[in-house]
>>> print(open('run_9.pdb').read())   # PDB, C-alpha atoms
ATOM      1  CA  MET A   6      -9.018 172.421 222.466
ATOM      2  CA  ILE A   7      -5.750 170.655 221.768
ATOM      3  CA  ASN A   8      -5.617 166.923 222.505
ATOM      4  CA  TYR A   9      -2.401 165.008 223.118
ATOM      5  CA  ILE A  10      -2.528 161.403 221.958
ATOM      6  CA  ILE A  11       0.065 158.648 222.092
ATOM      7  CA  THR A  12      -0.124 156.936 218.725
ATOM      8  CA  ASP A  13       1.254 153.911 216.951
ATOM      9  CA  ASP A  14      -0.601 154.771 213.716
ATOM     10  CA  ILE A  15       2.209 154.525 211.191
ATOM     11  CA  ASN A  16       0.473 156.889 208.729
ATOM     12  CA  GLN A  17       0.245 159.625 211.377
ATOM     13  CA  ILE A  18       3.857 159.090 212.403
ATOM     14  CA  ILE A  19       5.209 159.242 208.842
ATOM     15  CA  GLU A  20       3.064 162.297 208.024
ATOM     16  CA  THR A  21       4.440 164.197 211.007
ATOM     17  CA  ARG A  22       8.028 163.156 210.249
ATOM     18  CA  LEU A  23       7.699 164.453 206.693
ATOM     19  CA  ASN A  24       6.175 167.711 207.992
ATOM     20  CA  SER A  25       9.060 168.061 210.448
ATOM     21  CA  ILE A  26      11.654 167.561 207.726
ATOM     22  CA  ALA A  27       9.936 170.066 205.438
ATOM     23  CA  ALA A  28       9.813 172.627 208.276
ATOM     24  CA  MET A  29      13.569 172.264 208.758
ATOM     25  CA  LYS A  30      13.959 173.095 205.064
ATOM     26  CA  HIS A  31      15.588 169.744 204.316
ATOM     27  CA  SER A  32      14.976 168.175 200.961
ATOM     28  CA  TYR A  33      15.765 164.940 199.201
ATOM     29  CA  LYS A  34      18.004 164.618 196.178
ATOM     30  CA  ASP A  35      15.179 162.919 194.327
ATOM     31  CA  LYS A  36      11.981 160.897 194.775
ATOM     32  CA  ASN A  37      13.991 157.690 195.336
ATOM     33  CA  ASP A  38      15.685 159.242 198.375
ATOM     34  CA  GLU A  39      12.326 160.313 199.789
ATOM     35  CA  LEU A  40      10.833 156.879 199.149
ATOM     36  CA  GLU A  41      13.793 155.158 200.830
ATOM     37  CA  PHE A  42      13.417 157.488 203.831
ATOM     38  CA  ILE A  43       9.727 156.600 204.124
ATOM     39  CA  ILE A  44      10.371 152.848 203.813
ATOM     40  CA  LYS A  45      13.158 152.924 206.429
ATOM     41  CA  SER A  46      11.007 155.043 208.736
ATOM     42  CA  ILE A  47       8.097 152.602 208.452
ATOM     43  CA  GLU A  48      10.436 149.686 209.225
ATOM     44  CA  PHE A  49      11.838 151.529 212.237
ATOM     45  CA  PHE A  50       8.540 152.664 213.749
ATOM     46  CA  ASN A  51       6.942 149.240 213.243
ATOM     47  CA  THR A  52       9.695 147.527 215.248
ATOM     48  CA  ALA A  53      11.350 150.083 217.542
ATOM     49  CA  ASN A  54      10.802 150.510 221.262
ATOM     50  CA  GLN A  55       9.443 154.051 221.024
ATOM     51  CA  THR A  56       6.570 156.292 221.951
ATOM     52  CA  THR A  57       5.198 158.922 219.598
ATOM     53  CA  ILE A  58       2.804 161.600 220.762
ATOM     54  CA  ILE A  59       0.752 163.834 218.517
ATOM     55  CA  ALA A  60      -1.015 167.113 219.245
ATOM     56  CA  VAL A  61      -4.375 167.400 217.532
ATOM     57  CA  ASP A  62      -6.625 170.408 216.926
ATOM     58  CA  ASN A  63      -8.996 169.074 214.240
ATOM     59  CA  GLN A  64      -5.775 167.968 212.483
ATOM     60  CA  ILE A  65      -2.299 166.921 213.578
ATOM     61  CA  ILE A  66      -0.451 170.079 214.610
ATOM     62  CA  GLY A  67       2.559 168.598 216.379
ATOM     63  CA  SER A  68       4.452 165.466 217.264
ATOM     64  CA  ALA A  69       7.408 164.159 219.213
ATOM     65  CA  THR A  70       9.009 160.742 219.589
ATOM     66  CA  LEU A  71      10.952 159.150 222.413
ATOM     67  CA  CYS A  72      13.118 156.155 221.392
ATOM     68  CA  TYR A  73      14.182 153.823 224.208
ATOM     69  CA  TYR A  74      17.498 151.982 224.459
ATOM     70  CA  SER A  75      19.741 150.487 227.139
ATOM     71  CA  ILE A  76      23.360 150.812 228.142
ATOM     72  CA  ALA A  77      25.313 149.173 230.928
ATOM     73  CA  PRO A  78      24.344 150.754 234.268
ATOM     74  CA  SER A  79      26.832 153.282 235.609
ATOM     75  CA  PHE A  80      27.209 155.777 238.435
ATOM     76  CA  ASN A  81      25.616 158.413 236.205
ATOM     77  CA  ASN A  82      22.871 156.125 234.903
ATOM     78  CA  LYS A  83      21.946 153.613 237.570
ATOM     79  CA  THR A  84      19.256 151.838 235.537
ATOM     80  CA  GLY A  85      21.083 151.825 232.207
ATOM     81  CA  LYS A  86      17.749 152.787 230.632
ATOM     82  CA  CYS A  87      17.977 155.703 228.211
ATOM     83  CA  ALA A  88      15.772 157.469 225.712
ATOM     84  CA  MET A  89      16.398 159.854 222.860
ATOM     85  CA  LEU A  90      13.911 162.606 222.082
ATOM     86  CA  MET A  91      13.456 162.999 218.339
ATOM     87  CA  ASN A  92      11.357 164.761 215.733
ATOM     88  CA  VAL A  93       9.832 167.413 217.968
ATOM     89  CA  TYR A  94       7.627 169.371 215.616
ATOM     90  CA  THR A  95       4.843 171.945 215.908
ATOM     91  CA  ASP A  96       2.984 173.404 212.934
ATOM     92  CA  GLU A  97       4.132 176.973 212.330
ATOM     93  CA  HIS A  98       0.637 178.385 213.066
ATOM     94  CA  TYR A  99       0.689 176.817 216.560
ATOM     95  CA  ARG A 100       4.221 177.638 217.692
ATOM     96  CA  HIS A 101       5.005 179.493 220.934
ATOM     97  CA  LYS A 102       1.837 178.201 222.616
ATOM     98  CA  GLY A 103       3.435 175.532 224.826
ATOM     99  CA  ILE A 104       2.504 172.590 222.598
ATOM    100  CA  ALA A 105       6.039 171.207 222.164
ATOM    101  CA  LYS A 106       6.683 171.667 225.883
ATOM    102  CA  LYS A 107       3.497 169.755 226.786
ATOM    103  CA  MET A 108       4.346 166.883 224.409
ATOM    104  CA  ILE A 109       7.844 166.628 225.880
ATOM    105  CA  GLU A 110       6.521 166.747 229.455
ATOM    106  CA  LEU A 111       4.135 163.868 228.688
ATOM    107  CA  LEU A 112       6.926 161.822 227.101
ATOM    108  CA  ILE A 113       9.286 162.533 230.033
ATOM    109  CA  LYS A 114       6.592 161.361 232.463
ATOM    110  CA  GLU A 115       6.254 158.119 230.520
ATOM    111  CA  ALA A 116      10.049 157.714 230.489
ATOM    112  CA  LYS A 117      10.144 158.130 234.268
ATOM    113  CA  ASP A 118       7.381 155.533 234.613
ATOM    114  CA  LYS A 119       9.524 153.136 232.541
ATOM    115  CA  GLY A 120      12.565 153.689 234.781
ATOM    116  CA  VAL A 121      14.559 155.729 232.262
ATOM    117  CA  SER A 122      17.474 157.561 233.898
ATOM    118  CA  GLU A 123      18.579 159.751 231.001
ATOM    119  CA  VAL A 124      16.919 161.433 228.049
ATOM    120  CA  SER A 125      19.073 162.970 225.327
ATOM    121  CA  LEU A 126      18.424 164.882 222.128
ATOM    122  CA  ASP A 127      20.184 166.584 219.259
ATOM    123  CA  SER A 128      19.275 170.246 218.941
ATOM    124  CA  SER A 129      19.864 173.084 216.562
ATOM    125  CA  GLU A 130      21.475 176.190 218.019
ATOM    126  CA  ILE A 131      18.124 177.953 217.781
ATOM    127  CA  GLY A 132      16.409 175.207 219.801
ATOM    128  CA  LYS A 133      18.953 174.942 222.637
ATOM    129  CA  PRO A 134      17.505 177.738 224.823
ATOM    130  CA  PHE A 135      14.061 176.096 224.654
ATOM    131  CA  TYR A 136      15.423 172.710 225.739
ATOM    132  CA  GLU A 137      17.548 174.297 228.479
ATOM    133  CA  GLN A 138      14.436 176.060 229.767
ATOM    134  CA  ILE A 139      12.686 172.712 230.268
ATOM    135  CA  GLY A 140      15.635 171.011 231.987
ATOM    136  CA  PHE A 141      18.091 169.736 229.393
ATOM    137  CA  HIS A 142      21.754 170.692 229.576
ATOM    138  CA  ASN A 143      24.633 170.557 227.113
ATOM    139  CA  SER A 144      27.034 167.658 227.082
ATOM    140  CA  LYS A 145      29.825 167.020 224.612
ATOM    141  CA  LYS A 146      27.658 165.485 221.895
ATOM    142  CA  ARG A 147      24.032 166.278 222.679
ATOM    143  CA  MET A 148      21.693 167.793 225.194
ATOM    144  CA  ILE A 149      20.752 165.622 228.173
ATOM    145  CA  MET A 150      18.197 165.557 230.943
ATOM    146  CA  ASP A 151      18.969 163.388 233.972
ATOM    147  CA  ILE A 152      15.848 161.854 235.452
ATOM    148  CA  ILE A 153      15.808 160.750 239.046
ATOM    149  CA  SER A 154      13.503 157.753 239.364
TER     150      SER A 154
END
>>> encode(input="run_9.pdb", output="structure tokens")
Amino acid sequence: MINYIITDDINQIIETRLNSIAAMKHSYKDKNDELEFIIKSIEFFNTANQTTIIAVDNQIIGSATLCYYSIAPSFNNKTGKCAMLMNVYTDEHYRHKGIAKKMIELLIKEAKDKGVSEVSLDSSEIGKPFYEQIGFHNSKKRMIMDIIS
């Protein structure tokens, strides 16, 4: 049975970020670049207003992060509260089983509970149909989901 857990364990978060980057076939120029990435990530996740969720099936098999920020309220975003969905990752052996969708749904529920009006994300072309299927739409720069609180 897969469990979904909100975590602030920095080791789990960094492990899943590194797995996500490797799955996207990104690589560092050298070990110093990788080390700098890890240090900056630790600094960020220790201080940022964010929520990270992990999917666990005897080991971590997926993760997603929602980073919160504010803008001035507007007609399109009455609360001014925003979030950006980042680092959605599912282990290749667990893909196409609804795990990423479930993690995102849980994060969106938390965002609604916090009064967030808009969630955005950057997506690859391959990922866009998936995000559209769960309610995001294209804007000029990124995909967005408007949340009615």
>>> resolve_selection(input="run_9.pdb", expression="the PyMOL selection byres ((chain A and resi 11-23) around 8)", output="PyMOL selection string")
chain A and resi 9-10+24-27+43+46-47+50-51+56-59+65+67-68+92+94
>>> closest_atom_pairs(input="run_9.pdb", of="region 31-118 of chain A", to="region 136-139 of chain A", cutoff="9 Å", atoms="only C-alpha atoms", output="CSV")
residue,atom,partner,partner_atom,distance
A:Lys106,CA,A:Ile139,CA,7.5
A:Ile109,CA,A:Ile139,CA,8.9
A:Glu110,CA,A:Ile139,CA,8.6
>>> write_last_selection(input="run_9.pdb", atoms="C-alpha atoms", output="PDB file, keeping the file's coordinate frame")
ATOM      1  CA  LYS A 106       6.683 171.667 225.883  1.00  0.00           C
ATOM      2  CA  ILE A 109       7.844 166.628 225.880  1.00  0.00           C
ATOM      3  CA  GLU A 110       6.521 166.747 229.455  1.00  0.00           C
TER       4      GLU A 110
END
>>> residues_around(input="run_9.pdb", residues="Phe141 (chain A)", least_positions_apart="5", cutoff="9 Å", atoms="all atoms listed in the file", output="number ranges by chain")
A: 124-126, 133, 135-136, 148-151
>>> closest_residue(input="run_9.pdb", among="A:Met29, A:Ser79, A:Glu123, A:Ala88", to="Ala53 (chain A)", atoms="all atoms listed in the file")
A:Ala88
>>> closest_residue(input="run_9.pdb", among="A:Phe49, A:Ser122, A:Ala60, A:Glu130", to="Arg100 (chain A)", atoms="all atoms listed in the file")
A:Ala60
>>> closest_residue(input="run_9.pdb", among="A:Glu39, A:Ala69, A:Lys86, A:Gln55", to="Lys117 (chain A)", atoms="all atoms listed in the file")
A:Lys86
>>> axis_aligned_box(input="run_9.pdb", around="region 51-63 of chain A", padding_each_side="3 Å", output="AutoDock Vina command-line options")
--center_x 1.2 --center_y 159.0 --center_z 217.6 --size_x 26.3 --size_y 28.9 --size_z 14.7
>>> atom_distance(input="run_9.pdb", atom1="CA of Asn63 (chain A)", atom2="CA of Glu97 (chain A)")
15.4 Å
>>> atom_distance(input="run_9.pdb", atom1="CA of Lys45 (chain A)", atom2="CA of Cys72 (chain A)")
15.3 Å
>>> atom_distance(input="run_9.pdb", atom1="CA of Ile113 (chain A)", atom2="CA of Leu90 (chain A)")
9.2 Å
>>> closest_residue(input="run_9.pdb", among="A:Val61, A:Leu40, A:Ala116, A:Ile152", to="Thr95 (chain A)", atoms="all atoms listed in the file")
A:Val61
>>> closest_residue(input="run_9.pdb", among="A:Lys102, A:Asp96, A:Lys83, A:Leu112", to="Thr70 (chain A)", atoms="all atoms listed in the file")
A:Leu112
>>> closest_residue(input="run_9.pdb", among="A:Glu48, A:Lys36, A:Gly85, A:Lys146", to="Gly120 (chain A)", atoms="all atoms listed in the file")
A:Gly85
